[in-house]
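Report on one structure; see the data block that follows.
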Amino acid sequence: MDVRTKMQKSSPQLSTTSYQSVPTFPLHSTNEKAIPLLGFGTAEYPFGASIDTMKQTILEAIAVGYRHFDTAALYQTEQPLGEAISDALRLGLIKSRDELFITSKLWCSDAHHDCVLPALKKTLKNLKLEYLDLYLIHWPVSVKPGEYELPVKKKDLVPIDLKPVWEAMEECQALGLTKSIGVSNFSCKKLETILSTAKIPPAVNQVEMNPMWQQKKLRKFCDEKGILIESYSPLGAKGTLWGTNRVMECELLKEIAQAKGKSLAQVCLRWAHEQGVCVLVKSFNKERMKQNLDIFDWKLSAEESRKISQLPQCKGFPAGEFVSDDGPYKSLEELWDGEI
């Protein structure tokens, strides 16, 4: 049974608290906790820019109803997220860590077989947690160990050996340090490389996805393989290294939002939800946090969905930072295997 069919057949697991409207989806690689299909992202550029206020922001997000949080070694937000979880428990905002779904990611400098387990242990120490719910390979890219930075130094780019790196990810799951494992920014071809030898297939592929970059080919492939797509930059990530203003300035989306009495952000998030994916959203404004949760009790019309499906497509973050004449990827075509 493919991802979309499972999602349609499984009733959303609802809670009695304020996050009751967020549906969840059972990942294939674990029989334990299901993933909430709306998550709260913690990446801000420059990385670490809001580190002093991040803990309070996350506490506010928990208070208004978010239970799924996405971080990464690169973002410098693991520690404030861990502190927010500790405070949320102390304040009674949550009864148990098990109410939360926590994702982090392996940075390119640790994308080497012997670095994976130590990197995850460092992440868990930062978060003050015993386990993650989901651990992802951040990019299909390796750089020499040491630095956590983006852009990376092109002289440090080295070929990634996916088979041993994925074996180390599988070991992390076998040890119980993460409940599920997956990838981010992987093309169909690179997923095929992992699937050809994996004992545990990726549960998730987290990728850029929004109405201006709909990822139809990749979504179809992942759907057939039972891999859940997570959408980052669902609003285009305006103002970041990896974002553009194309989504927020799209006239069609503005018209639909006005006609429905919704915000443009709500229209984008609802559209992504209707594609059968998990959506990661970020706002440090409490009212917008609430608005972004309010996408589950209304629908886009068939005509609105049809018009969105016909929008011209353009990738917001080609990631040229990982391309070098002297590196393993000498063109964007090679990095994305033509999915660009």
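For the structure tokens, the naming scheme is as follows: chains receive sequential letters (A, B, ...) according to their order of presentation, residues are indexed from 1 within each chain, and ligands are indexed from 1 in presentation order.
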
Non-local contacts of Ile194 (chain A) (8 Å; only C-alpha atoms; under 6 positions in same chain excluded) as a PyMOL selection string: chain A and resi 162-163+166+201

DSSP helix (DSSP H, G or I) residues within region 5-251 of chain A, as a PyMOL selection string: chain A and resi 5-9+51-64+73-75+78-91+97-99+108-110+113-127+154-156+162-174+188-195+216-225+251

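Residues of region 128-276 of chain A carrying a DSSP assignment of strand (DSSP E or B), computed from the backbone, are Leu132, Leu134, Tyr135, Leu136, Ile137, Ser142, Val143, Leu157, Val158, Thr178, Ile181, Gly182, Val183, Ser184, Val204, Asn205, Gln206, Val207, Glu208, Asn210, Trp213, Leu228, Ile229, Glu230, Ser231 and Tyr232 of chain A.
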
Selected residue of minimal separation from Ser109 (chain A) among A:Glu304, A:Glu130, A:Asp326, A:Asp156, counting only C-alpha atoms: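 Closest residue, counting only C-alpha atoms: A:Asp156.
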
Compile a residue-level contact table for region 293-323 of chain A against region 133-153 of chain A at a cut-off of 12 Å, reporting for every qualifying residue the shortest atom pair and its distance in Å to one decimal, with only C-alpha atoms counted, rows ordered by chain and ascending number, as a Markdown table.
```
| residue | atom | partner | partner_atom | distance |
| --- | --- | --- | --- | --- |
| A:Ala319 | CA | A:Pro151 | CA | 9.0 |
| A:Gly320 | CA | A:Pro151 | CA | 9.2 |
| A:Glu321 | CA | A:Pro151 | CA | 5.7 |
| A:Phe322 | CA | A:Val152 | CA | 7.3 |
| A:Val323 | CA | A:Val141 | CA | 10.0 |
```

Distance query Leu120 (chain A) at most 9 Å, only C-alpha atoms, self and fewer than 5 positions along chain excluded, as a list in words: Ser104, Lys105, Leu106, Cys115, Lys125, Leu132, Tyr135, Cys172, Leu177 and Thr178 of chain A

Deliver the residues from the most recent selection as a file, using all heavy atoms, as an mmCIF file, in the first residue's frame.
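Here's the written file out-v9.cif:
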```cif
data_model
loop_
_atom_site.group_PDB
_atom_site.id
_atom_site.type_symbol
_atom_site.label_atom_id
_atom_site.label_comp_id
_atom_site.auth_asym_id
_atom_site.auth_seq_id
_atom_site.Cartn_x
_atom_site.Cartn_y
_atom_site.Cartn_z
ATOM 1 N N SER A 104 16.225 15.480 13.978
ATOM 2 C CA SER A 104 17.452 16.230 13.725
ATOM 3 C C SER A 104 18.151 15.610 12.518
ATOM 4 O O SER A 104 17.697 14.603 11.961
ATOM 5 C CB SER A 104 18.370 16.272 14.946
ATOM 6 O OG SER A 104 19.378 17.266 14.746
ATOM 7 N N LYS A 105 19.275 16.248 12.131
ATOM 8 C CA LYS A 105 19.913 15.866 10.871
ATOM 9 C C LYS A 105 21.437 15.805 11.004
ATOM 10 O O LYS A 105 22.040 16.591 11.735
ATOM 11 C CB LYS A 105 19.547 16.863 9.754
ATOM 12 C CG LYS A 105 18.060 17.087 9.599
ATOM 13 C CD LYS A 105 17.742 18.051 8.473
ATOM 14 C CE LYS A 105 16.337 18.563 8.586
ATOM 15 N NZ LYS A 105 16.165 19.571 9.646
ATOM 16 N N LEU A 106 21.993 14.888 10.257
ATOM 17 C CA LEU A 106 23.432 14.659 10.169
ATOM 18 C C LEU A 106 24.024 15.638 9.163
ATOM 19 O O LEU A 106 23.644 15.634 7.990
ATOM 20 C CB LEU A 106 23.677 13.223 9.703
ATOM 21 C CG LEU A 106 25.125 12.791 9.499
ATOM 22 C CD1 LEU A 106 25.714 12.355 10.842
ATOM 23 C CD2 LEU A 106 25.204 11.645 8.488
ATOM 24 N N CYS A 115 31.663 8.652 11.593
ATOM 25 C CA CYS A 115 31.254 9.898 12.257
ATOM 26 C C CYS A 115 29.772 9.921 12.628
ATOM 27 O O CYS A 115 29.350 10.765 13.426
ATOM 28 C CB CYS A 115 31.553 11.097 11.348
ATOM 29 S SG CYS A 115 33.297 11.351 10.989
ATOM 30 N N LYS A 125 22.959 14.695 23.219
ATOM 31 C CA LYS A 125 23.473 15.440 24.378
ATOM 32 C C LYS A 125 23.000 16.888 24.337
ATOM 33 O O LYS A 125 22.583 17.457 25.356
ATOM 34 C CB LYS A 125 24.997 15.373 24.393
ATOM 35 C CG LYS A 125 25.623 16.045 25.609
ATOM 36 C CD LYS A 125 27.147 15.908 25.598
ATOM 37 C CE LYS A 125 27.764 16.582 26.811
ATOM 38 N NZ LYS A 125 29.257 16.465 26.800
ATOM 39 N N LEU A 132 15.975 10.182 19.422
ATOM 40 C CA LEU A 132 15.245 10.988 18.446
ATOM 41 C C LEU A 132 14.098 10.165 17.893
ATOM 42 O O LEU A 132 14.128 8.924 17.904
ATOM 43 C CB LEU A 132 16.154 11.378 17.274
ATOM 44 C CG LEU A 132 17.287 12.370 17.508
ATOM 45 C CD1 LEU A 132 18.076 12.563 16.206
ATOM 46 C CD2 LEU A 132 16.764 13.698 18.018
ATOM 47 N N TYR A 135 15.964 10.688 12.420
ATOM 48 C CA TYR A 135 17.307 11.214 12.138
ATOM 49 C C TYR A 135 17.526 11.134 10.636
ATOM 50 O O TYR A 135 17.329 10.083 10.021
ATOM 51 C CB TYR A 135 18.360 10.388 12.879
ATOM 52 C CG TYR A 135 19.732 11.043 12.973
ATOM 53 C CD1 TYR A 135 19.879 12.400 13.231
ATOM 54 C CD2 TYR A 135 20.890 10.275 12.829
ATOM 55 C CE1 TYR A 135 21.134 12.983 13.346
ATOM 56 C CE2 TYR A 135 22.158 10.845 12.952
ATOM 57 C CZ TYR A 135 22.265 12.204 13.204
ATOM 58 O OH TYR A 135 23.507 12.791 13.319
ATOM 59 N N CYS A 172 22.302 3.221 14.137
ATOM 60 C CA CYS A 172 21.719 4.162 15.100
ATOM 61 C C CYS A 172 20.291 3.757 15.467
ATOM 62 O O CYS A 172 19.893 3.820 16.637
ATOM 63 C CB CYS A 172 21.715 5.571 14.515
ATOM 64 S SG CYS A 172 23.352 6.309 14.360
ATOM 65 N N LEU A 177 18.700 4.693 19.390
ATOM 66 C CA LEU A 177 18.999 6.112 19.560
ATOM 67 C C LEU A 177 18.123 6.992 18.666
ATOM 68 O O LEU A 177 18.031 8.192 18.886
ATOM 69 C CB LEU A 177 20.478 6.378 19.270
ATOM 70 C CG LEU A 177 21.458 5.636 20.195
ATOM 71 C CD1 LEU A 177 22.889 5.924 19.795
ATOM 72 C CD2 LEU A 177 21.208 6.017 21.655
ATOM 73 N N THR A 178 17.525 6.386 17.672
ATOM 74 C CA THR A 178 16.499 7.059 16.867
ATOM 75 C C THR A 178 15.456 6.026 16.477
ATOM 76 O O THR A 178 15.790 4.868 16.226
ATOM 77 C CB THR A 178 17.104 7.744 15.623
ATOM 78 O OG1 THR A 178 16.062 8.417 14.907
ATOM 79 C CG2 THR A 178 17.784 6.753 14.692
#
```

Shell of 9 Å around region 293-299 of chain A, only C-alpha atoms, local chain residues under 5 positions omitted, as a count of residues only: 16

Residue with smallest distance to Phe101 (chain A) - pool A:Lys179, A:Lys155, A:His28, A:Lys55, counting only C-alpha atoms: A:Lys179

8 Å contact set for His113 (chain A), only C-alpha atoms, chain neighbours under 6 positions out, as a list in words: Pro164, Val165, Trp166, Glu167 and Ala168 of chain A

Which residue of A:Gly338, A:Ile200, A:Gly276, A:Ala259 approaches Ser301 (chain A) most closely, using only C-alpha atoms: A:Ala259

Nearby residues (only C-alpha atoms) at most 12 Å from Ile85 (chain A), same-chain spacing under 6 positions excluded, as number ranges by chain: A: 54-63, 66-69, 78-79, 91-102, 126-129

Atom-to-atom span, CA of Ile160 (chain A) and CA of Ala111 (chain A), Å: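 We find that CA of Ile160 (chain A) and CA of Ala111 (chain A) lie 7.1 Å from each other.
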
For Gln313 (chain A): contacts at 10 Å, only C-alpha atoms, fewer than 6 positions along chain excluded, given as a VMD selection string: chain A and resid 210 to 215 340

Could you write out the selected residues, including N, CA and C atoms, as a PDB file, in the first residue's frame?
```pdb
ATOM      1  N   ASN A 210       6.785  23.444  -2.489  1.00  0.00           N
ATOM      2  CA  ASN A 210       5.755  24.466  -2.337  1.00  0.00           C
ATOM      3  C   ASN A 210       5.047  24.630  -3.687  1.00  0.00           C
ATOM      4  N   PRO A 211       4.047  25.484  -3.779  1.00  0.00           N
ATOM      5  CA  PRO A 211       3.322  25.599  -5.056  1.00  0.00           C
ATOM      6  C   PRO A 211       4.190  25.995  -6.247  1.00  0.00           C
ATOM      7  N   MET A 212       5.343  26.626  -5.997  1.00  0.00           N
ATOM      8  CA  MET A 212       6.230  27.024  -7.080  1.00  0.00           C
ATOM      9  C   MET A 212       7.307  25.978  -7.382  1.00  0.00           C
ATOM     10  N   TRP A 213       7.372  24.933  -6.562  1.00  0.00           N
ATOM     11  CA  TRP A 213       8.292  23.808  -6.801  1.00  0.00           C
ATOM     12  C   TRP A 213       7.634  22.556  -6.232  1.00  0.00           C
ATOM     13  N   GLN A 214       6.787  21.935  -7.055  1.00  0.00           N
ATOM     14  CA  GLN A 214       5.834  20.942  -6.561  1.00  0.00           C
ATOM     15  C   GLN A 214       6.381  19.523  -6.473  1.00  0.00           C
ATOM     16  N   GLN A 215       7.516  19.244  -7.072  1.00  0.00           N
ATOM     17  CA  GLN A 215       8.201  17.957  -6.895  1.00  0.00           C
ATOM     18  C   GLN A 215       7.331  16.764  -7.315  1.00  0.00           C
ATOM     19  N   ILE A 340      15.850  19.283 -11.640  1.00  0.00           N
ATOM     20  CA  ILE A 340      16.153  20.685 -11.361  1.00  0.00           C
ATOM     21  C   ILE A 340      15.448  21.566 -12.381  1.00  0.00           C
TER      22      ILE A 340
END
```
